[in-house]
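Here is the file model.pdb (PDB, C-alpha atoms).
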ATOM      1  CA  LEU A 552      -2.132  15.224 -10.796
ATOM      2  CA  PHE A 553      -0.814  16.260 -14.190
ATOM      3  CA  PHE A 554      -0.461  19.884 -13.081
ATOM      4  CA  ILE A 555       1.440  18.856  -9.943
ATOM      5  CA  VAL A 556       3.839  16.859 -12.137
ATOM      6  CA  LEU A 557       4.380  19.956 -14.245
ATOM      7  CA  LEU A 558       4.999  22.109 -11.159
ATOM      8  CA  THR A 559       7.266  19.739  -9.266
ATOM      9  CA  GLY A 560       8.834  17.926 -12.187
ATOM     10  CA  SER A 561       8.901  14.721 -10.180
ATOM     11  CA  ILE A 562       6.525  11.827 -10.770
ATOM     12  CA  PRO A 563       7.586   9.893  -7.614
ATOM     13  CA  VAL A 564       6.685  12.940  -5.515
ATOM     14  CA  VAL A 565       3.248  13.076  -7.085
ATOM     15  CA  MET A 566       2.694   9.340  -6.649
ATOM     16  CA  SER A 567       3.773   9.597  -3.006
ATOM     17  CA  LEU A 568       1.422  12.509  -2.359
ATOM     18  CA  ASN A 569      -1.442  10.679  -4.042
ATOM     19  CA  MET A 570      -0.923   7.448  -2.079
ATOM     20  CA  GLY A 571      -0.283   9.436   1.102
ATOM     21  CA  ALA A 572      -3.746  10.971   0.794
ATOM     22  CA  PHE A 573      -5.394   7.576   0.408
ATOM     23  CA  MET A 574      -3.366   5.994   3.209
ATOM     24  CA  SER A 575      -3.990   8.851   5.620
ATOM     25  CA  GLU A 576      -7.719   8.530   4.991
ATOM     26  CA  SER A 577      -7.518   4.784   5.684
ATOM     27  CA  ILE A 578      -5.688   5.416   8.953
ATOM     28  CA  ARG A 579      -8.092   8.185   9.949
ATOM     29  CA  GLY A 580     -11.066   5.917   9.320
ATOM     30  CA  ALA A 581      -9.444   3.118  11.318
ATOM     31  CA  LEU A 582      -8.799   5.412  14.278
ATOM     32  CA  LEU A 583     -12.381   6.678  14.188
ATOM     33  CA  SER A 584     -13.693   3.104  14.102
ATOM     34  CA  VAL A 585     -12.694   2.530  17.722
ATOM     35  CA  ASP A 586     -15.847   2.822  19.820
ATOM     36  CA  GLU A 587     -16.112   5.704  22.275
ATOM     37  CA  GLY A 588     -17.306   3.271  24.929
ATOM     38  CA  GLN A 589     -13.918   1.561  24.804
ATOM     39  CA  LYS A 590     -12.192   4.855  25.477
ATOM     40  CA  GLU A 591     -14.549   5.701  28.332
ATOM     41  CA  ALA A 592     -13.974   2.256  29.848
ATOM     42  CA  ALA A 593     -10.201   2.793  29.688
ATOM     43  CA  TYR A 594     -10.538   6.154  31.439
ATOM     44  CA  SER A 595     -12.781   4.588  34.084
ATOM     45  CA  LEU A 596     -10.034   2.043  34.786
ATOM     46  CA  GLY A 597      -7.599   4.898  35.374
ATOM     47  CA  MET A 598      -5.557   4.582  32.166
ATOM     48  CA  THR A 599      -3.588   7.558  30.953
ATOM     49  CA  ASN A 600      -3.942   8.903  27.428
ATOM     50  CA  PHE A 601      -0.746   7.118  26.403
ATOM     51  CA  GLN A 602      -1.993   3.806  27.794
ATOM     52  CA  LEU A 603      -5.352   4.315  26.081
ATOM     53  CA  VAL A 604      -3.705   4.854  22.711
ATOM     54  CA  THR A 605      -1.133   2.058  22.978
ATOM     55  CA  ARG A 606      -3.336  -0.605  24.592
ATOM     56  CA  ILE A 607      -6.801   0.100  23.192
ATOM     57  CA  VAL A 608      -6.854   2.366  20.129
ATOM     58  CA  ILE A 609      -3.818   1.290  18.098
ATOM     59  CA  PRO A 610      -4.384  -2.505  18.287
ATOM     60  CA  GLN A 611      -7.983  -2.116  17.134
ATOM     61  CA  ALA A 612      -7.148   0.498  14.494
ATOM     62  CA  VAL A 613      -4.342  -1.607  13.001
ATOM     63  CA  ARG A 614      -6.733  -4.487  12.546
ATOM     64  CA  VAL A 615      -9.152  -2.254  10.641
ATOM     65  CA  ALA A 616      -6.479  -0.397   8.642
ATOM     66  CA  LEU A 617      -4.504  -3.399   7.327
ATOM     67  CA  PRO A 618      -6.662  -4.338   4.311
ATOM     68  CA  PRO A 619      -6.930  -0.849   2.785
ATOM     69  CA  LEU A 620      -3.251  -0.107   3.438
ATOM     70  CA  PHE A 621      -2.138  -3.271   1.669
ATOM     71  CA  ASN A 622      -4.474  -2.459  -1.220
ATOM     72  CA  ASP A 623      -2.893   0.993  -1.440
ATOM     73  CA  ILE A 624       0.613  -0.514  -1.512
ATOM     74  CA  ILE A 625      -0.392  -2.922  -4.270
ATOM     75  CA  ASN A 626      -1.979  -0.072  -6.235
ATOM     76  CA  LEU A 627       1.231   1.940  -5.854
ATOM     77  CA  ILE A 628       3.207  -0.940  -7.337
ATOM     78  CA  LYS A 629       0.756  -1.107 -10.221
ATOM     79  CA  MET A 630       1.010   2.655 -10.752
ATOM     80  CA  THR A 631       4.749   2.398 -11.286
ATOM     81  CA  SER A 632       4.093   0.697 -14.618
ATOM     82  CA  LEU A 633       1.938   3.667 -15.635
ATOM     83  CA  ALA A 634       4.692   6.089 -14.674
ATOM     84  CA  PHE A 635       6.692   4.887 -17.672
ATOM     85  CA  MET A 636       4.175   6.622 -19.914
ATOM     86  CA  LEU A 637       5.313   9.902 -18.355
ATOM     87  CA  GLY A 638       9.003   9.192 -18.769
ATOM     88  CA  VAL A 639      10.085   7.382 -15.600
ATOM     89  CA  PRO A 640      11.933   4.150 -16.409
ATOM     90  CA  ASP A 641      10.727   1.157 -14.432
ATOM     91  CA  ILE A 642      10.438  -2.599 -14.978
ATOM     92  CA  MET A 643       7.858  -2.178 -17.737
ATOM     93  CA  GLY A 644       9.864   0.559 -19.422
ATOM     94  CA  ALA A 645      13.035  -1.508 -19.344
ATOM     95  CA  ALA A 646      11.080  -4.424 -20.829
ATOM     96  CA  LYS A 647       9.766  -2.252 -23.640
ATOM     97  CA  ILE A 648      13.245  -0.988 -24.447
ATOM     98  CA  GLU A 649      14.719  -4.499 -24.342
ATOM     99  CA  GLY A 650      11.853  -5.834 -26.467
ATOM    100  CA  ALA A 651      12.485  -3.173 -29.093
ATOM    101  CA  ARG A 652      16.157  -4.088 -29.113
ATOM    102  CA  THR A 653      15.768  -7.884 -29.354
ATOM    103  CA  PHE A 654      12.229  -8.272 -30.812
ATOM    104  CA  ARG A 655      11.478 -10.921 -28.156
ATOM    105  CA  TYR A 656       8.475  -9.183 -26.669
ATOM    106  CA  PHE A 657       6.636 -12.280 -25.473
ATOM    107  CA  GLU A 658       9.482 -13.635 -23.366
ATOM    108  CA  ILE A 659      10.331 -10.257 -21.893
ATOM    109  CA  TYR A 660       6.729  -9.357 -21.033
ATOM    110  CA  ALA A 661       6.205 -12.832 -19.572
ATOM    111  CA  ALA A 662       9.225 -12.271 -17.307
ATOM    112  CA  VAL A 663       7.887  -8.865 -16.259
ATOM    113  CA  MET A 664       4.501 -10.428 -15.547
ATOM    114  CA  LEU A 665       6.180 -12.986 -13.307
ATOM    115  CA  VAL A 666       8.108 -10.284 -11.444
ATOM    116  CA  TYR A 667       4.947  -8.246 -10.789
ATOM    117  CA  TRP A 668       3.028 -11.394  -9.844
ATOM    118  CA  LEU A 669       5.765 -12.448  -7.424
ATOM    119  CA  ILE A 670       5.821  -9.041  -5.736
ATOM    120  CA  ILE A 671       2.035  -8.974  -5.360
ATOM    121  CA  PHE A 672       1.992 -12.623  -4.204
ATOM    122  CA  VAL A 673       4.560 -11.942  -1.458
ATOM    123  CA  LEU A 674       2.615  -8.880  -0.327
ATOM    124  CA  GLY A 675      -0.575 -10.952  -0.252
ATOM    125  CA  ILE A 676       1.058 -13.605   1.927
ATOM    126  CA  LEU A 677       2.424 -10.912   4.252
ATOM    127  CA  HIS A 678      -1.045  -9.369   4.444
ATOM    128  CA  LYS A 679      -2.644 -12.715   5.357
ATOM    129  CA  LEU A 680      -0.023 -13.375   8.031
ATOM    130  CA  LEU A 681      -0.509  -9.955   9.597
ATOM    131  CA  GLU A 682      -4.290 -10.305   9.519
ATOM    132  CA  LYS A 683      -4.067 -13.737  11.139
ATOM    133  CA  LYS A 684      -1.780 -12.356  13.849
ATOM    134  CA  CYS A 685      -4.163  -9.473  14.505
ATOM    135  CA  ALA A 686      -7.153 -11.843  14.584
ATOM    136  CA  ASN A 687      -5.413 -14.079  17.127
ATOM    137  CA  MET A 688      -4.979 -11.108  19.448
ATOM    138  CA  TYR A 689      -8.726 -10.838  19.957
TER     139      TYR A 689
END
For this file, produce the structure as structure tokens.
Amino acid sequence: LFFIVLLTGSIPVVMSLNMGAFMSESIRGALLSVDEGQKEAAYSLGMTNFQLVTRIVIPQAVRVALPPLFNDIINLIKMTSLAFMLGVPDIMGAAKIEGARTFRYFEIYAAVMLVYWLIIFVLGILHKLLEKKCANMY
């Protein structure tokens, strides 16, 4: 990753490429998790390829792909705090600069912790709601 940062000069591009690789693998695995028998049954009922994908494959693949995709999104949020080490200002970087200016590190880092916790908490609730909705479908 370090060499790609040097070549492109853009840390967000590198982070996007990295997460894109993980997310595409999660989606690929979810699509492959749909049983071949389900596809054969859809063809035997006379469904077209479009109907097969929209009615059989995607609903089952979404249910399988949700947990790893949400984990990838949460990891991307966590990686943004590491990006500051390479020169990209973010919440953690702004907190470090403000802490150096005011010498009130504890209060500032506590506020940053609450912001990160709130973001992750909201994503967790959204994840649970989506999983519950997908579970109710079947």
Residue neighbourhood range 602-608 of chain A, 12 Å, all atoms listed in the file, exclusion window fewer than 5 positions, as an NGL selection string
:A and (578-579 or 581-597 or 613-616 or 688-689)
Result set, the PyMOL selection byres ((chain A and resi 667-672) around 12) on current file, as a list in words
Phe621, Asn622, Asp623, Ile624, Ile625, Asn626, Leu627, Ile628, Lys629, Met630, Thr631, Ser632, Asp641, Ile642, Met643, Tyr660, Ala661, Ala662, Val663, Met664, Leu665, Val666, Val673, Leu674, Gly675, Ile676, Leu677, His678 and Lys679 of chain A
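Shortest separation to Glu682 in chain A among A:Ala572, A:Tyr656, A:Ile648, A:Pro618 occurs at residue A:Pro618, atoms counted being all atoms listed in the file.
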A straight line from CA of Val565 in chain A to CA of Gly650 in chain A spans 28.4 Å
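Ranking A:Leu617, A:Ser567, A:Ile659, A:Gly580 by their shortest atom-to-atom distance to Gly644 in chain A, with all atoms listed in the file included, puts A:Ile659 first.
The two atoms in question, CA of Pro619 in chain A and CA of Leu680 in chain A, are spaced 15.2 Å apart.
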Rounded to one decimal place, report the CA of Phe573 in chain A-CA of Asn687 in chain A distance in Å.
27.4 Å
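Proximity to Gly571 in chain A was assessed for A:Leu620, A:Thr653, A:Ala686, A:Ala645 counting only C-alpha atoms; the smallest distance is recorded for A:Leu620.
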Range 568-645 of chain A dumped to file, C-alpha atoms, as a short mmCIF file (atom, residue, chain, number, x, y, z; two decimals), in the first residue's frame:
data_model
loop_
_atom_site.label_atom_id
_atom_site.label_comp_id
_atom_site.auth_asym_id
_atom_site.auth_seq_id
_atom_site.Cartn_x
_atom_site.Cartn_y
_atom_site.Cartn_z
CA LEU A 568 -8.87 0.51 -3.49
CA ASN A 569 -8.02 -1.52 -0.40
CA MET A 570 -11.60 -1.59 0.91
CA GLY A 571 -12.92 -2.17 -2.61
CA ALA A 572 -10.87 -5.37 -2.81
CA PHE A 573 -12.26 -6.65 0.48
CA MET A 574 -15.83 -5.66 -0.35
CA SER A 575 -15.72 -7.19 -3.81
CA GLU A 576 -14.51 -10.46 -2.30
CA SER A 577 -17.38 -10.36 0.21
CA ILE A 578 -19.90 -9.81 -2.58
CA ARG A 579 -18.34 -12.52 -4.74
CA GLY A 580 -18.51 -15.00 -1.87
CA ALA A 581 -22.13 -14.06 -1.19
CA LEU A 582 -23.10 -14.57 -4.83
CA LEU A 583 -21.36 -17.95 -4.91
CA SER A 584 -23.16 -19.01 -1.72
CA VAL A 585 -26.47 -19.31 -3.56
CA ASP A 586 -27.06 -23.00 -4.21
CA GLU A 587 -27.06 -24.21 -7.81
CA GLY A 588 -30.24 -26.16 -7.10
CA GLN A 589 -32.05 -22.88 -6.51
CA LYS A 590 -30.97 -21.62 -9.90
CA GLU A 591 -31.99 -24.85 -11.61
CA ALA A 592 -35.38 -24.71 -9.89
CA ALA A 593 -35.88 -21.14 -11.14
CA TYR A 594 -35.04 -22.19 -14.70
CA SER A 595 -37.42 -25.15 -14.42
CA LEU A 596 -40.20 -22.72 -13.47
CA GLY A 597 -39.50 -20.76 -16.65
CA MET A 598 -37.81 -17.72 -15.08
CA THR A 599 -35.57 -15.57 -17.21
CA ASN A 600 -32.02 -14.73 -16.20
CA PHE A 601 -33.15 -11.31 -14.98
CA GLN A 602 -35.91 -12.83 -12.86
CA LEU A 603 -33.47 -15.40 -11.48
CA VAL A 604 -31.04 -12.71 -10.39
CA THR A 605 -33.60 -10.28 -8.96
CA ARG A 606 -35.89 -12.80 -7.24
CA ILE A 607 -33.53 -15.59 -6.17
CA VAL A 608 -29.84 -14.66 -6.21
CA ILE A 609 -29.74 -11.07 -4.95
CA PRO A 610 -32.07 -11.52 -1.93
CA GLN A 611 -30.07 -14.51 -0.71
CA ALA A 612 -26.70 -12.91 -1.48
CA VAL A 613 -27.58 -9.68 0.35
CA ARG A 614 -28.41 -11.65 3.45
CA VAL A 615 -25.00 -13.34 3.36
CA ALA A 616 -23.04 -10.22 2.37
CA LEU A 617 -24.39 -7.79 5.01
CA PRO A 618 -22.17 -8.73 7.97
CA PRO A 619 -18.82 -8.59 6.15
CA LEU A 620 -19.78 -5.40 4.31
CA PHE A 621 -20.68 -3.62 7.53
CA ASN A 622 -17.43 -4.83 9.09
CA ASP A 623 -15.55 -3.41 6.11
CA ILE A 624 -17.30 -0.04 6.49
CA ILE A 625 -16.46 0.07 10.19
CA ASN A 626 -12.84 -0.85 9.44
CA LEU A 627 -12.70 1.95 6.86
CA ILE A 628 -13.86 4.43 9.49
CA LYS A 629 -11.19 3.14 11.85
CA MET A 630 -8.54 3.42 9.12
CA THR A 631 -9.24 7.12 8.72
CA SER A 632 -7.63 7.73 12.10
CA LEU A 633 -4.50 5.94 10.86
CA ALA A 634 -4.43 8.10 7.74
CA PHE A 635 -3.43 11.06 9.90
CA MET A 636 -0.05 9.41 10.41
CA LEU A 637 0.51 9.81 6.67
CA GLY A 638 -0.54 13.44 6.57
CA VAL A 639 -4.30 13.42 5.94
CA PRO A 640 -6.14 15.56 8.50
CA ASP A 641 -9.16 13.86 10.03
CA ILE A 642 -10.98 13.92 13.37
CA MET A 643 -8.01 12.45 15.22
CA GLY A 644 -5.57 14.81 13.53
CA ALA A 645 -7.70 17.83 14.35
#
